[in-house]
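Down below is the structure, laid out as structure tokens.
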6 protein chains.
Amino acid sequence: MDYLGLNDLIKRALEEDVGYGDITTRSLVPPEQRARGVFVAKSPGILAGIKVSQSVFAYLEPEISFESFKNDGDELEPGDVIAVVRGRAVNLLTGERLALNFMQRLSGIASKTRNLADMIKYNKAELLDTRKTTPGLRVLEKYAVGIGGARNHRFGLFDGVIIKDNHIKTVGSIQKAVCTVRQKVPHTIKIEVEVTTMEQLQEALESHADIIMLDNMDVAQMTEAVNIVNGRAILEASGGINESNLIEVAKTGVDFISMGALTHAAASLDISFNIVDAD
Amino acid sequence: MDYLGLNDLIKRALEEDVGYGDITTRSLVPPEQRARGVFVAKSPGILAGIKVSQSVFAYLEPEISFESFKNDGDELEPGDVIAVVRGRAVNLLTGERLALNFMQRLSGIASKTRNLADMIKYNKAELLDTRKTTPGLRVLEKYAVGIGGARNHRFGLFDGVIIKDNHIKTVGSIQKAVCTVRQKVPHTIKIEVEVTTMEQLQEALESHADIIMLDNMDVAQMTEAVNIVNGRAILEASGGINESNLIEVAKTGVDFISMGALTHAAASLDISFNIVDAD
Amino acid sequence: MDYLGLNDLIKRALEEDVGYGDITTRSLVPPEQRARGVFVAKSPGILAGIKVSQSVFAYLEPEISFESFKNDGDELEPGDVIAVVRGRAVNLLTGERLALNFMQRLSGIASKTRNLADMIKYNKAELLDTRKTTPGLRVLEKYAVGIGGARNHRFGLFDGVIIKDNHIKTVGSIQKAVCTVRQKVPHTIKIEVEVTTMEQLQEALESHADIIMLDNMDVAQMTEAVNIVNGRAILEASGGINESNLIEVAKTGVDFISMGALTHAAASLDISFNIVDAD
Amino acid sequence: MDYLGLNDLIKRALEEDVGYGDITTRSLVPPEQRARGVFVAKSPGILAGIKVSQSVFAYLEPEISFESFKNDGDELEPGDVIAVVRGRAVNLLTGERLALNFMQRLSGIASKTRNLADMIKYNKAELLDTRKTTPGLRVLEKYAVGIGGARNHRFGLFDGVIIKDNHIKTVGSIQKAVCTVRQKVPHTIKIEVEVTTMEQLQEALESHADIIMLDNMDVAQMTEAVNIVNGRAILEASGGINESNLIEVAKTGVDFISMGALTHAAASLDISFNIVDAD
Amino acid sequence: MDYLGLNDLIKRALEEDVGYGDITTRSLVPPEQRARGVFVAKSPGILAGIKVSQSVFAYLEPEISFESFKNDGDELEPGDVIAVVRGRAVNLLTGERLALNFMQRLSGIASKTRNLADMIKYNKAELLDTRKTTPGLRVLEKYAVGIGGARNHRFGLFDGVIIKDNHIKTVGSIQKAVCTVRQKVPHTIKIEVEVTTMEQLQEALESHADIIMLDNMDVAQMTEAVNIVNGRAILEASGGINESNLIEVAKTGVDFISMGALTHAAASLDISFNIVDAD
Amino acid sequence: MDYLGLNDLIKRALEEDVGYGDITTRSLVPPEQRARGVFVAKSPGILAGIKVSQSVFAYLEPEISFESFKNDGDELEPGDVIAVVRGRAVNLLTGERLALNFMQRLSGIASKTRNLADMIKYNKAELLDTRKTTPGLRVLEKYAVGIGGARNHRFGLFDGVIIKDNHIKTVGSIQKAVCTVRQKVPHTIKIEVEVTTMEQLQEALESHADIIMLDNMDVAQMTEAVNIVNGRAILEASGGINESNLIEVAKTGVDFISMGALTHAAASLDISFNIVDAD
């Protein structure tokens, strides 16, 4: 987590939740009172985001103590103690919900990713995420995907090229599109082309596309595509892939499999934060 | 959607996705070329967030045309046309992913909420959301909950009081906690107390708490609580409630039922955006 | 002062005053030179905002020493030493005006509030502030009102409901307005209705409004209202209340009295900051 | 009002007041309903800030109609119609308080300034404001001072030089301080020196200070200073000047008189905003 | 120029120059007075940034008229009219310096780039920029490089990989570094390795690096490298390249030549803005 | 460098360069690994901006060690060690380019300024900068000019008055323009008038302008102007001044000479940053 924007994100999220003040805690808890809080796993999964949660408390109280017993990527069993926080009671009470909201969501993504990645761990194919992330949280969600054991696809529209159907229509042919893009984008970036038919695949190959995305193909088509390409381009399967056909897709021999569900369909992992007697 | 911060949110989310520029589109599509894009439902559900998606395109191109055929709250069937966007092709291509990310997530929340709210629609109990929302998106997610047919609980720590176990320990008794808070917070805010036992319930009642949250009680306990309270306070059931026990909980006679899953466990609804021949 | 936005506010205010640099001090004072500055009361009043002033200096020089001899809420007599600051001379010279501007304004509000609150301290009625605060300073000004001994009304339009004449006209009746609002806002928020006549008062009562604001009524009307309501709703007097009729209003038996003058007509308290020989 | 930061200021102030939404108005008023609102003076004074109030409504609804019947600087009598706003009822209801808070505070400053400026309008001396303004509102408050008929002193620490006692102590002598500053600051800026005695005045004169501030001198001393200086420097009286001695000070023959009270002790002017039947 | 951050950049730059107001213009020019201003080239070169300058005026006055007679990339001769602006005189006077500062700097970069690019236009080698840009202006400066006829290298540290000597030392060998990076970064990004010797070149080749940067090699070494590599990797020459050896370097047969001087050593192009009689 | 906005500037510049992360370094360098980096001069010049570069590293790692061997204003010879940085290797690698970009540009300006200032160091005339600075970097660039030995002109449009031809046309005469401005701007600011002919010079003198800018005059005209003015106003030469005529201009006896080239035509100074074996 070397993310320059993390503090800004935490600030905005705290302002969203706390607004002009935590009126309950402010009314009841003396500012100097200290407390101890414990993060405990309540269901099995993979931890992600512990540094983000730590940063939430550090934002509220720079000298807070945050002792972690698990690291990002570790497997959690119900009852596992994840971390212990010691500091001013008001800050524990004010920060706990946001710290949990981050940790639970990111761990949910890491857990779902791990499950899926493990299904194909003996295959060549690697699992990829997509741009179907929560607006504003892409850095964190892609980080959680990595923790879960999958690979990150391009971050956004600025650091990778995917020529889609609409782009192709605009210029007239895959050949022309690949050629045009290659002359304009930095020479450090590979050119990916999305294809839906074998004819397009052939054209993409002839255009020397670096990566070819097989979009919404069935397993038979993908197998054929792998044979045709025969190592001359990187192949990425995409669209309509889920838990029940993932292994089959991996067996076709594609290099990568991208799944939006890693980020847009992962439920939060159940984790609790209990404040115990004073520190 | 009268949300003052919407444009800032869209700006940040676009910057996240587009960064210094959409290098594929910029390389291939002439700036003046126009296109038409269509949002189409791909699975059944409830629409939410159409204005947010419209605002994404309007941010990129103020004079873009956005014609909607469905409104927030409408039921969607696969194949339903939701909206048609007409504008510069570059802006349709650059904005589509973010527009979808918002619309799919919010519709996912609205759809899940509608399902659950419908289960108890003939009961007195109303469904409530919680603060278990995605950091940075609380306004939008609570809006989607409302579209789905549930009620919003307090927005954050600043506009409602919930006295929890940790607060009670601090001051010594429910009685004292309620009394202290009532003297300090604006007189416009009701005092809610979280209780886990019948003894605490009794104490909360005697303290004239306005709302009592029955935390993690089973159905038998909730029924008893309803009988004891007998209208002297508003009762809110919370914790451990899911699709399978929701109806039973509603039948106990509580006034409100809060469920974090409305926001933290809703998968995105499947919606596509297809760019068709020029406008 | 647990206000998350305080540092942003101080930053903006320093940038307003200091701009691209304090050209006098920069030209004359060696950066390493140290000094000692003393805040001294020059007229009697109530101190408020000492932490804000401390934060101004801490913003400029995190390790500055700020020793306070008075706390917010303390009575000040001319000549009282409020605090002593020790740090780099350039920072004392650059920060003093802003530190004073905050402390003087907030102490002015606290002093005016204390005077008025003391006038009715043996009455049931509590004094309330309003939304007539300085744009951008509401958190601080409401804090100063609290220090002065009055109670805060709702913070803004988002955390409390007041149904005013214009709202009533829109929906047709108080009854309908109260009923509509109650179904839409969080169940944690009380419903307040503004009334100007006894007929409206009666209707508000029948609508089970939680709080009724008696707007611009004279003392006789308020007395009648108190009798009519007889504890069935909270009563708040508002409009046209000033130092000369405050006690009379309090004697009518209303529960709360709101006065905009607490914040919009309070002059700054006279406080000086003297830099003395080096530290 | 050509102030680049105005929209940011309005945005922050609206967010402060409206937060995540005006829950009363949103619940009751249909978004499409239109209304008409009228600003009416309730006490006599000088108008200032009408463009700021207009910008508040324009921020909420760019195409709102704002028709003004008075301009900044005009005298107001109770009952005078200042402006009429026509637009969506929700925006009138949501924006009115902030529009009033700006207009009332700025008009309060302009009114107080006009009163004082008029007292010395047949004298050579001009009235000046100071840096004793509300943090965050300096541009607006100094604008209101100008509308009231006084002159603006330096805006902040960056656009003017005042060598004060503490600066002098640092370098050893007025002579050396003036000389040092003159070599370092832009040649476009005059050098002002604060003096409290006739000896310092003499030294400032000999240092060729452009402006000499007579700090906390009595009328006799000021008169003597005027005679000594005899036009060789601009003279500014400052400190301890109020309504009762202002004329006397002006009669001493000083060129400028600065008074912090113009901004830090001006009460808001009473102005109302009434929403009348639909537009 | 589809740069999302352009308006923020212009806003900050205007605030830097204009601050609380253009005191000269405000004092002298009536707000309603209109004028016409003309951008005229004063030395030969290549135009870049005309849209940026237009956006400066549009920021101050959205409905301003900006008519351009030259486009980015056009050759300018002294006396050429570049554009004519018609609007309020105050906005022309306030915005002219910033509009010029942008247009002159960007045109300076485009002009220098065009000169150098033209020197090697019959060679295979393409000219590249670097990350040696002005902090805060990278998007604009890289845009100007493109206008001048060179190619953009990676935008920053996030969208391209260059393994430098220090990275290699860390992991022990080029082989290991390339292999590690390839497993971690998105599969859409090519791996570039910086080498200074023929041994390193050999190792980079064997590691299947996509791009090899020949750092600070002389022409003989580069020629040898081209022969060794023989098309198995993209070759980029870097370091110590200037106007006098550029052609020789291009003749070695490398694919790309990167030069920091395109952005860090380009003087502004001389362009004037004359305000002529009213419009 | 007491510049309040420095951290914001560094943050924006780091975000520009680093974006969502330094993908090369993150992939290869263990977070805990430490390193030592050395800034070394590669060509002769004057150092400026060392504190800015230090702040870049401190932004990334607050407890980093930055030991400087040269100060701003020192002469550099090739091979001179400027500073040594010790900290986490990832932060040295991520921050080095930005630290260099600042230090090289500012040192380039200081070096060019020193060269020119030295040419006229035995003349009365002082060298001045202009507003022809890089948008967003004015504070830093004017600081570097000061380090180089020249004087800063007004910072922007808000802290100094220059009445130009266009202003004069608007009001009709220099006399009227000077008189109008003097009544409106703070009395702390001198009035500068730009003249191009002897007639205008005469009129400016009679208007008691404080400063007269001789715009684009030749040496003979300037000499005549100096004789005419004879000390009754400050004289500033501007326009068309360069290395080859600077001494002649200085010899005319003008008080100041302003040159835009100090900031808009200075190439970056060559400085390297080498990371050496671990700390």
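As shown in the structure tokens, the chain order sets the letters A, B, ...; within each chain, residues go from 1, and ligands are also counted from 1 in the order they appear.
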Write out as a PyMOL selection string all residues of segment 142-270 of chain B that backbone DSSP assigns to strand (DSSP E). chain B and resi 161-163+191-195+211-215+234-238+256-258
Each residue of chain E lying at most 8 Å from chain A should get a row with its shortest atom-to-atom pair and the distance in Å to one decimal, counting only C-alpha atoms; could you produce that, ordered by chain and increasing number, as a tab-separated table?
residue	atom	partner	partner_atom	distance
E:Arg151	CA	A:Pro186	CA	7.1
E:Asn152	CA	A:Pro186	CA	5.5
E:His153	CA	A:Pro186	CA	5.1
E:Arg154	CA	A:Pro186	CA	5.7
E:Phe158	CA	A:Asp159	CA	7.7
E:Asp159	CA	A:Asp159	CA	4.9
E:Gly160	CA	A:Thr188	CA	6.0
E:Val161	CA	A:Thr188	CA	7.7
E:Lys184	CA	A:Arg151	CA	7.3
E:Val185	CA	A:Asn152	CA	7.2
E:Pro186	CA	A:His153	CA	5.1
E:His187	CA	A:His153	CA	6.9
E:Thr188	CA	A:Lys190	CA	5.1
E:Ile189	CA	A:Ile189	CA	4.9
E:Lys190	CA	A:Thr188	CA	5.1
E:Ile191	CA	A:Thr188	CA	7.3
E:Glu192	CA	A:Thr188	CA	7.5
E:Ile211	CA	A:Thr188	CA	7.7
Take the selection from the previous step and output its residues with N, CA, C and O atoms, as a PDB file, in the first residue's frame.
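File written: out03.pdb
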ATOM      1  N   ARG E 151       7.419  11.656 -30.267  1.00  0.00           N
ATOM      2  CA  ARG E 151       6.543  10.666 -29.671  1.00  0.00           C
ATOM      3  C   ARG E 151       6.650  10.769 -28.156  1.00  0.00           C
ATOM      4  O   ARG E 151       7.705  11.109 -27.634  1.00  0.00           O
ATOM      5  N   ASN E 152       5.565  10.444 -27.446  1.00  0.00           N
ATOM      6  CA  ASN E 152       5.627  10.453 -25.976  1.00  0.00           C
ATOM      7  C   ASN E 152       6.123   9.119 -25.447  1.00  0.00           C
ATOM      8  O   ASN E 152       5.632   8.069 -25.839  1.00  0.00           O
ATOM      9  N   HIS E 153       7.080   9.210 -24.530  1.00  0.00           N
ATOM     10  CA  HIS E 153       7.484   8.027 -23.773  1.00  0.00           C
ATOM     11  C   HIS E 153       6.411   7.797 -22.701  1.00  0.00           C
ATOM     12  O   HIS E 153       5.369   8.453 -22.713  1.00  0.00           O
ATOM     13  N   ARG E 154       6.648   6.862 -21.780  1.00  0.00           N
ATOM     14  CA  ARG E 154       5.658   6.637 -20.718  1.00  0.00           C
ATOM     15  C   ARG E 154       5.334   7.968 -20.048  1.00  0.00           C
ATOM     16  O   ARG E 154       6.170   8.858 -19.964  1.00  0.00           O
ATOM     17  N   PHE E 158       3.731   5.049 -13.406  1.00  0.00           N
ATOM     18  CA  PHE E 158       2.602   4.124 -13.249  1.00  0.00           C
ATOM     19  C   PHE E 158       2.213   3.420 -14.546  1.00  0.00           C
ATOM     20  O   PHE E 158       1.474   2.448 -14.519  1.00  0.00           O
ATOM     21  N   ASP E 159       2.658   3.925 -15.685  1.00  0.00           N
ATOM     22  CA  ASP E 159       2.152   3.376 -16.947  1.00  0.00           C
ATOM     23  C   ASP E 159       3.262   2.805 -17.834  1.00  0.00           C
ATOM     24  O   ASP E 159       3.029   2.557 -19.015  1.00  0.00           O
ATOM     25  N   GLY E 160       4.424   2.605 -17.255  1.00  0.00           N
ATOM     26  CA  GLY E 160       5.501   2.006 -18.018  1.00  0.00           C
ATOM     27  C   GLY E 160       6.550   1.505 -17.040  1.00  0.00           C
ATOM     28  O   GLY E 160       6.618   1.968 -15.900  1.00  0.00           O
ATOM     29  N   VAL E 161       7.351   0.571 -17.495  1.00  0.00           N
ATOM     30  CA  VAL E 161       8.380  -0.016 -16.644  1.00  0.00           C
ATOM     31  C   VAL E 161       9.737   0.285 -17.249  1.00  0.00           C
ATOM     32  O   VAL E 161       9.962   0.008 -18.435  1.00  0.00           O
ATOM     33  N   LYS E 184       4.427  -9.308 -12.174  1.00  0.00           N
ATOM     34  CA  LYS E 184       3.670  -8.444 -11.270  1.00  0.00           C
ATOM     35  C   LYS E 184       2.906  -7.314 -11.951  1.00  0.00           C
ATOM     36  O   LYS E 184       1.861  -6.909 -11.477  1.00  0.00           O
ATOM     37  N   VAL E 185       3.440  -6.774 -13.016  1.00  0.00           N
ATOM     38  CA  VAL E 185       2.740  -5.636 -13.624  1.00  0.00           C
ATOM     39  C   VAL E 185       1.698  -6.160 -14.609  1.00  0.00           C
ATOM     40  O   VAL E 185       1.746  -7.307 -15.023  1.00  0.00           O
ATOM     41  N   PRO E 186       0.742  -5.310 -14.965  1.00  0.00           N
ATOM     42  CA  PRO E 186      -0.259  -5.740 -15.935  1.00  0.00           C
ATOM     43  C   PRO E 186       0.414  -6.307 -17.188  1.00  0.00           C
ATOM     44  O   PRO E 186       1.465  -5.806 -17.622  1.00  0.00           O
ATOM     45  N   HIS E 187      -0.209  -7.322 -17.763  1.00  0.00           N
ATOM     46  CA  HIS E 187       0.368  -7.968 -18.943  1.00  0.00           C
ATOM     47  C   HIS E 187       0.307  -7.068 -20.179  1.00  0.00           C
ATOM     48  O   HIS E 187       0.788  -7.436 -21.240  1.00  0.00           O
ATOM     49  N   THR E 188      -0.247  -5.904 -20.026  1.00  0.00           N
ATOM     50  CA  THR E 188      -0.375  -4.963 -21.143  1.00  0.00           C
ATOM     51  C   THR E 188       0.843  -4.059 -21.277  1.00  0.00           C
ATOM     52  O   THR E 188       0.894  -3.230 -22.182  1.00  0.00           O
ATOM     53  N   ILE E 189       1.771  -4.180 -20.363  1.00  0.00           N
ATOM     54  CA  ILE E 189       2.900  -3.233 -20.319  1.00  0.00           C
ATOM     55  C   ILE E 189       4.192  -3.941 -20.702  1.00  0.00           C
ATOM     56  O   ILE E 189       4.505  -5.011 -20.195  1.00  0.00           O
ATOM     57  N   LYS E 190       4.944  -3.307 -21.602  1.00  0.00           N
ATOM     58  CA  LYS E 190       6.231  -3.870 -22.024  1.00  0.00           C
ATOM     59  C   LYS E 190       7.298  -3.574 -20.978  1.00  0.00           C
ATOM     60  O   LYS E 190       7.215  -2.587 -20.256  1.00  0.00           O
ATOM     61  N   ILE E 191       8.307  -4.429 -20.958  1.00  0.00           N
ATOM     62  CA  ILE E 191       9.369  -4.279 -19.970  1.00  0.00           C
ATOM     63  C   ILE E 191      10.578  -3.661 -20.660  1.00  0.00           C
ATOM     64  O   ILE E 191      11.107  -4.211 -21.623  1.00  0.00           O
ATOM     65  N   GLU E 192      11.020  -2.508 -20.123  1.00  0.00           N
ATOM     66  CA  GLU E 192      12.210  -1.841 -20.660  1.00  0.00           C
ATOM     67  C   GLU E 192      13.345  -1.957 -19.653  1.00  0.00           C
ATOM     68  O   GLU E 192      13.137  -1.830 -18.451  1.00  0.00           O
ATOM     69  N   ILE E 211      12.049  -3.858 -24.453  1.00  0.00           N
ATOM     70  CA  ILE E 211      12.731  -2.641 -24.908  1.00  0.00           C
ATOM     71  C   ILE E 211      14.049  -2.547 -24.156  1.00  0.00           C
ATOM     72  O   ILE E 211      14.103  -2.819 -22.949  1.00  0.00           O
TER      73      ILE E 211
END
Residues near segment 111-127 of chain C, cut-off 8 Å, only C-alpha atoms, skip fewer than 2 positions along chain, as a ChimeraX atom specification: /C:45-47,107-109,129,145,148-151,243,246-247,250-251,253-259,262,266,269
Selection from above, N, CA and C atoms, as a PDB file, in the first residue's frame, can you write it?
ATOM      1  N   GLY C  45     -14.958  38.970  29.806  1.00  0.00           N
ATOM      2  CA  GLY C  45     -15.771  38.119  28.935  1.00  0.00           C
ATOM      3  C   GLY C  45     -15.500  36.661  29.205  1.00  0.00           C
ATOM      4  N   ILE C  46     -15.953  35.833  28.253  1.00  0.00           N
ATOM      5  CA  ILE C  46     -15.808  34.385  28.377  1.00  0.00           C
ATOM      6  C   ILE C  46     -14.889  33.908  27.247  1.00  0.00           C
ATOM      7  N   LEU C  47     -13.898  33.122  27.605  1.00  0.00           N
ATOM      8  CA  LEU C  47     -12.957  32.636  26.599  1.00  0.00           C
ATOM      9  C   LEU C  47     -13.557  31.495  25.769  1.00  0.00           C
ATOM     10  N   SER C 107     -14.756  34.154  21.347  1.00  0.00           N
ATOM     11  CA  SER C 107     -14.969  34.629  22.711  1.00  0.00           C
ATOM     12  C   SER C 107     -16.075  35.679  22.748  1.00  0.00           C
ATOM     13  N   GLY C 108     -16.191  36.458  21.693  1.00  0.00           N
ATOM     14  CA  GLY C 108     -17.295  37.421  21.615  1.00  0.00           C
ATOM     15  C   GLY C 108     -18.640  36.712  21.635  1.00  0.00           C
ATOM     16  N   ILE C 109     -18.738  35.637  20.887  1.00  0.00           N
ATOM     17  CA  ILE C 109     -19.991  34.867  20.871  1.00  0.00           C
ATOM     18  C   ILE C 109     -20.247  34.214  22.222  1.00  0.00           C
ATOM     19  N   ASP C 129     -29.233  28.421  19.706  1.00  0.00           N
ATOM     20  CA  ASP C 129     -28.743  29.210  18.588  1.00  0.00           C
ATOM     21  C   ASP C 129     -29.577  28.908  17.349  1.00  0.00           C
ATOM     22  N   VAL C 145     -21.151  28.976  21.131  1.00  0.00           N
ATOM     23  CA  VAL C 145     -22.462  29.113  21.783  1.00  0.00           C
ATOM     24  C   VAL C 145     -22.572  28.110  22.935  1.00  0.00           C
ATOM     25  N   GLY C 148     -20.616  29.163  25.804  1.00  0.00           N
ATOM     26  CA  GLY C 148     -21.278  30.273  26.493  1.00  0.00           C
ATOM     27  C   GLY C 148     -22.433  29.810  27.365  1.00  0.00           C
ATOM     28  N   GLY C 149     -22.888  28.591  27.171  1.00  0.00           N
ATOM     29  CA  GLY C 149     -23.918  28.065  28.059  1.00  0.00           C
ATOM     30  C   GLY C 149     -25.278  27.870  27.411  1.00  0.00           C
ATOM     31  N   ALA C 150     -25.362  28.065  26.098  1.00  0.00           N
ATOM     32  CA  ALA C 150     -26.634  27.797  25.442  1.00  0.00           C
ATOM     33  C   ALA C 150     -26.544  26.444  24.734  1.00  0.00           C
ATOM     34  N   ARG C 151     -27.652  26.061  24.158  1.00  0.00           N
ATOM     35  CA  ARG C 151     -27.781  24.750  23.534  1.00  0.00           C
ATOM     36  C   ARG C 151     -27.763  24.939  22.020  1.00  0.00           C
ATOM     37  N   GLU C 243     -32.547  41.070  24.422  1.00  0.00           N
ATOM     38  CA  GLU C 243     -32.143  41.204  25.814  1.00  0.00           C
ATOM     39  C   GLU C 243     -33.264  41.737  26.708  1.00  0.00           C
ATOM     40  N   LEU C 246     -36.242  38.887  27.016  1.00  0.00           N
ATOM     41  CA  LEU C 246     -35.864  37.482  27.164  1.00  0.00           C
ATOM     42  C   LEU C 246     -36.431  36.861  28.445  1.00  0.00           C
ATOM     43  N   ILE C 247     -36.314  37.590  29.545  1.00  0.00           N
ATOM     44  CA  ILE C 247     -36.767  37.015  30.823  1.00  0.00           C
ATOM     45  C   ILE C 247     -38.275  36.772  30.794  1.00  0.00           C
ATOM     46  N   ALA C 250     -38.991  33.714  28.848  1.00  0.00           N
ATOM     47  CA  ALA C 250     -38.630  32.510  29.609  1.00  0.00           C
ATOM     48  C   ALA C 250     -39.732  32.180  30.632  1.00  0.00           C
ATOM     49  N   LYS C 251     -40.319  33.235  31.205  1.00  0.00           N
ATOM     50  CA  LYS C 251     -41.344  33.026  32.249  1.00  0.00           C
ATOM     51  C   LYS C 251     -42.642  32.440  31.702  1.00  0.00           C
ATOM     52  N   GLY C 253     -42.948  29.792  30.214  1.00  0.00           N
ATOM     53  CA  GLY C 253     -42.948  28.343  30.374  1.00  0.00           C
ATOM     54  C   GLY C 253     -42.571  27.576  29.123  1.00  0.00           C
ATOM     55  N   VAL C 254     -42.133  28.269  28.085  1.00  0.00           N
ATOM     56  CA  VAL C 254     -41.674  27.541  26.897  1.00  0.00           C
ATOM     57  C   VAL C 254     -40.425  26.731  27.263  1.00  0.00           C
ATOM     58  N   ASP C 255     -40.145  25.723  26.452  1.00  0.00           N
ATOM     59  CA  ASP C 255     -39.001  24.860  26.746  1.00  0.00           C
ATOM     60  C   ASP C 255     -37.691  25.423  26.214  1.00  0.00           C
ATOM     61  N   PHE C 256     -37.772  26.067  25.048  1.00  0.00           N
ATOM     62  CA  PHE C 256     -36.561  26.586  24.411  1.00  0.00           C
ATOM     63  C   PHE C 256     -36.820  27.975  23.833  1.00  0.00           C
ATOM     64  N   ILE C 257     -35.763  28.768  23.764  1.00  0.00           N
ATOM     65  CA  ILE C 257     -35.839  30.103  23.158  1.00  0.00           C
ATOM     66  C   ILE C 257     -34.670  30.223  22.187  1.00  0.00           C
ATOM     67  N   SER C 258     -34.964  30.422  20.908  1.00  0.00           N
ATOM     68  CA  SER C 258     -33.856  30.528  19.947  1.00  0.00           C
ATOM     69  C   SER C 258     -33.608  31.985  19.570  1.00  0.00           C
ATOM     70  N   MET C 259     -32.316  32.356  19.490  1.00  0.00           N
ATOM     71  CA  MET C 259     -31.936  33.742  19.201  1.00  0.00           C
ATOM     72  C   MET C 259     -30.783  33.789  18.196  1.00  0.00           C
ATOM     73  N   LEU C 262     -27.188  35.573  18.979  1.00  0.00           N
ATOM     74  CA  LEU C 262     -26.026  34.944  19.633  1.00  0.00           C
ATOM     75  C   LEU C 262     -24.843  34.888  18.676  1.00  0.00           C
ATOM     76  N   ALA C 266     -22.779  39.428  17.636  1.00  0.00           N
ATOM     77  CA  ALA C 266     -21.801  39.447  18.723  1.00  0.00           C
ATOM     78  C   ALA C 266     -20.522  40.124  18.244  1.00  0.00           C
ATOM     79  N   LEU C 269     -14.372  39.951  21.156  1.00  0.00           N
ATOM     80  CA  LEU C 269     -13.869  40.329  22.482  1.00  0.00           C
ATOM     81  C   LEU C 269     -12.449  40.882  22.315  1.00  0.00           C
TER      82      LEU C 269
END
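Of the listed residues (B:Asn274, B:Gln33, B:Asn230, B:Asn245), B:Asn274 comes nearest to Asn166 of chain A; the distances count only C-alpha atoms.
Note that the spacing between atom CA of Thr94 of chain E and atom CA of Asp22 of chain E amounts to 6.5 Å.
Residues in contact range of Gly95 of chain D, defined as at most 10 Å between only C-alpha atoms, with sequence neighbours fewer than 6 positions away removed, read Leu14, Asp17, Val18, Asp22, Ser53, Gln54, Val56, Phe57, Ala58, Tyr59, Leu60, Glu61 and Ala89 of chain D.
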Determine, counting only C-alpha atoms, which protein, DNA and RNA residues have an atom within 6 Å of an atom of Val40 of chain B; residues of the same chain fewer than 6 positions away are not included. Present the result as a PyMOL selection string. chain B and resi 79-82+271-272
For Phe66 of chain D: contacts at 7 Å, only C-alpha atoms, fewer than 5 positions along chain excluded, given as a PyMOL selection string: chain D and resi 54+83-86
Could you give me the residues within segment 5-116 of chain B that DSSP places in alpha helix (DSSP H), as an NGL selection string? :B and (6-18 or 23-28 or 50-60 or 89-116)
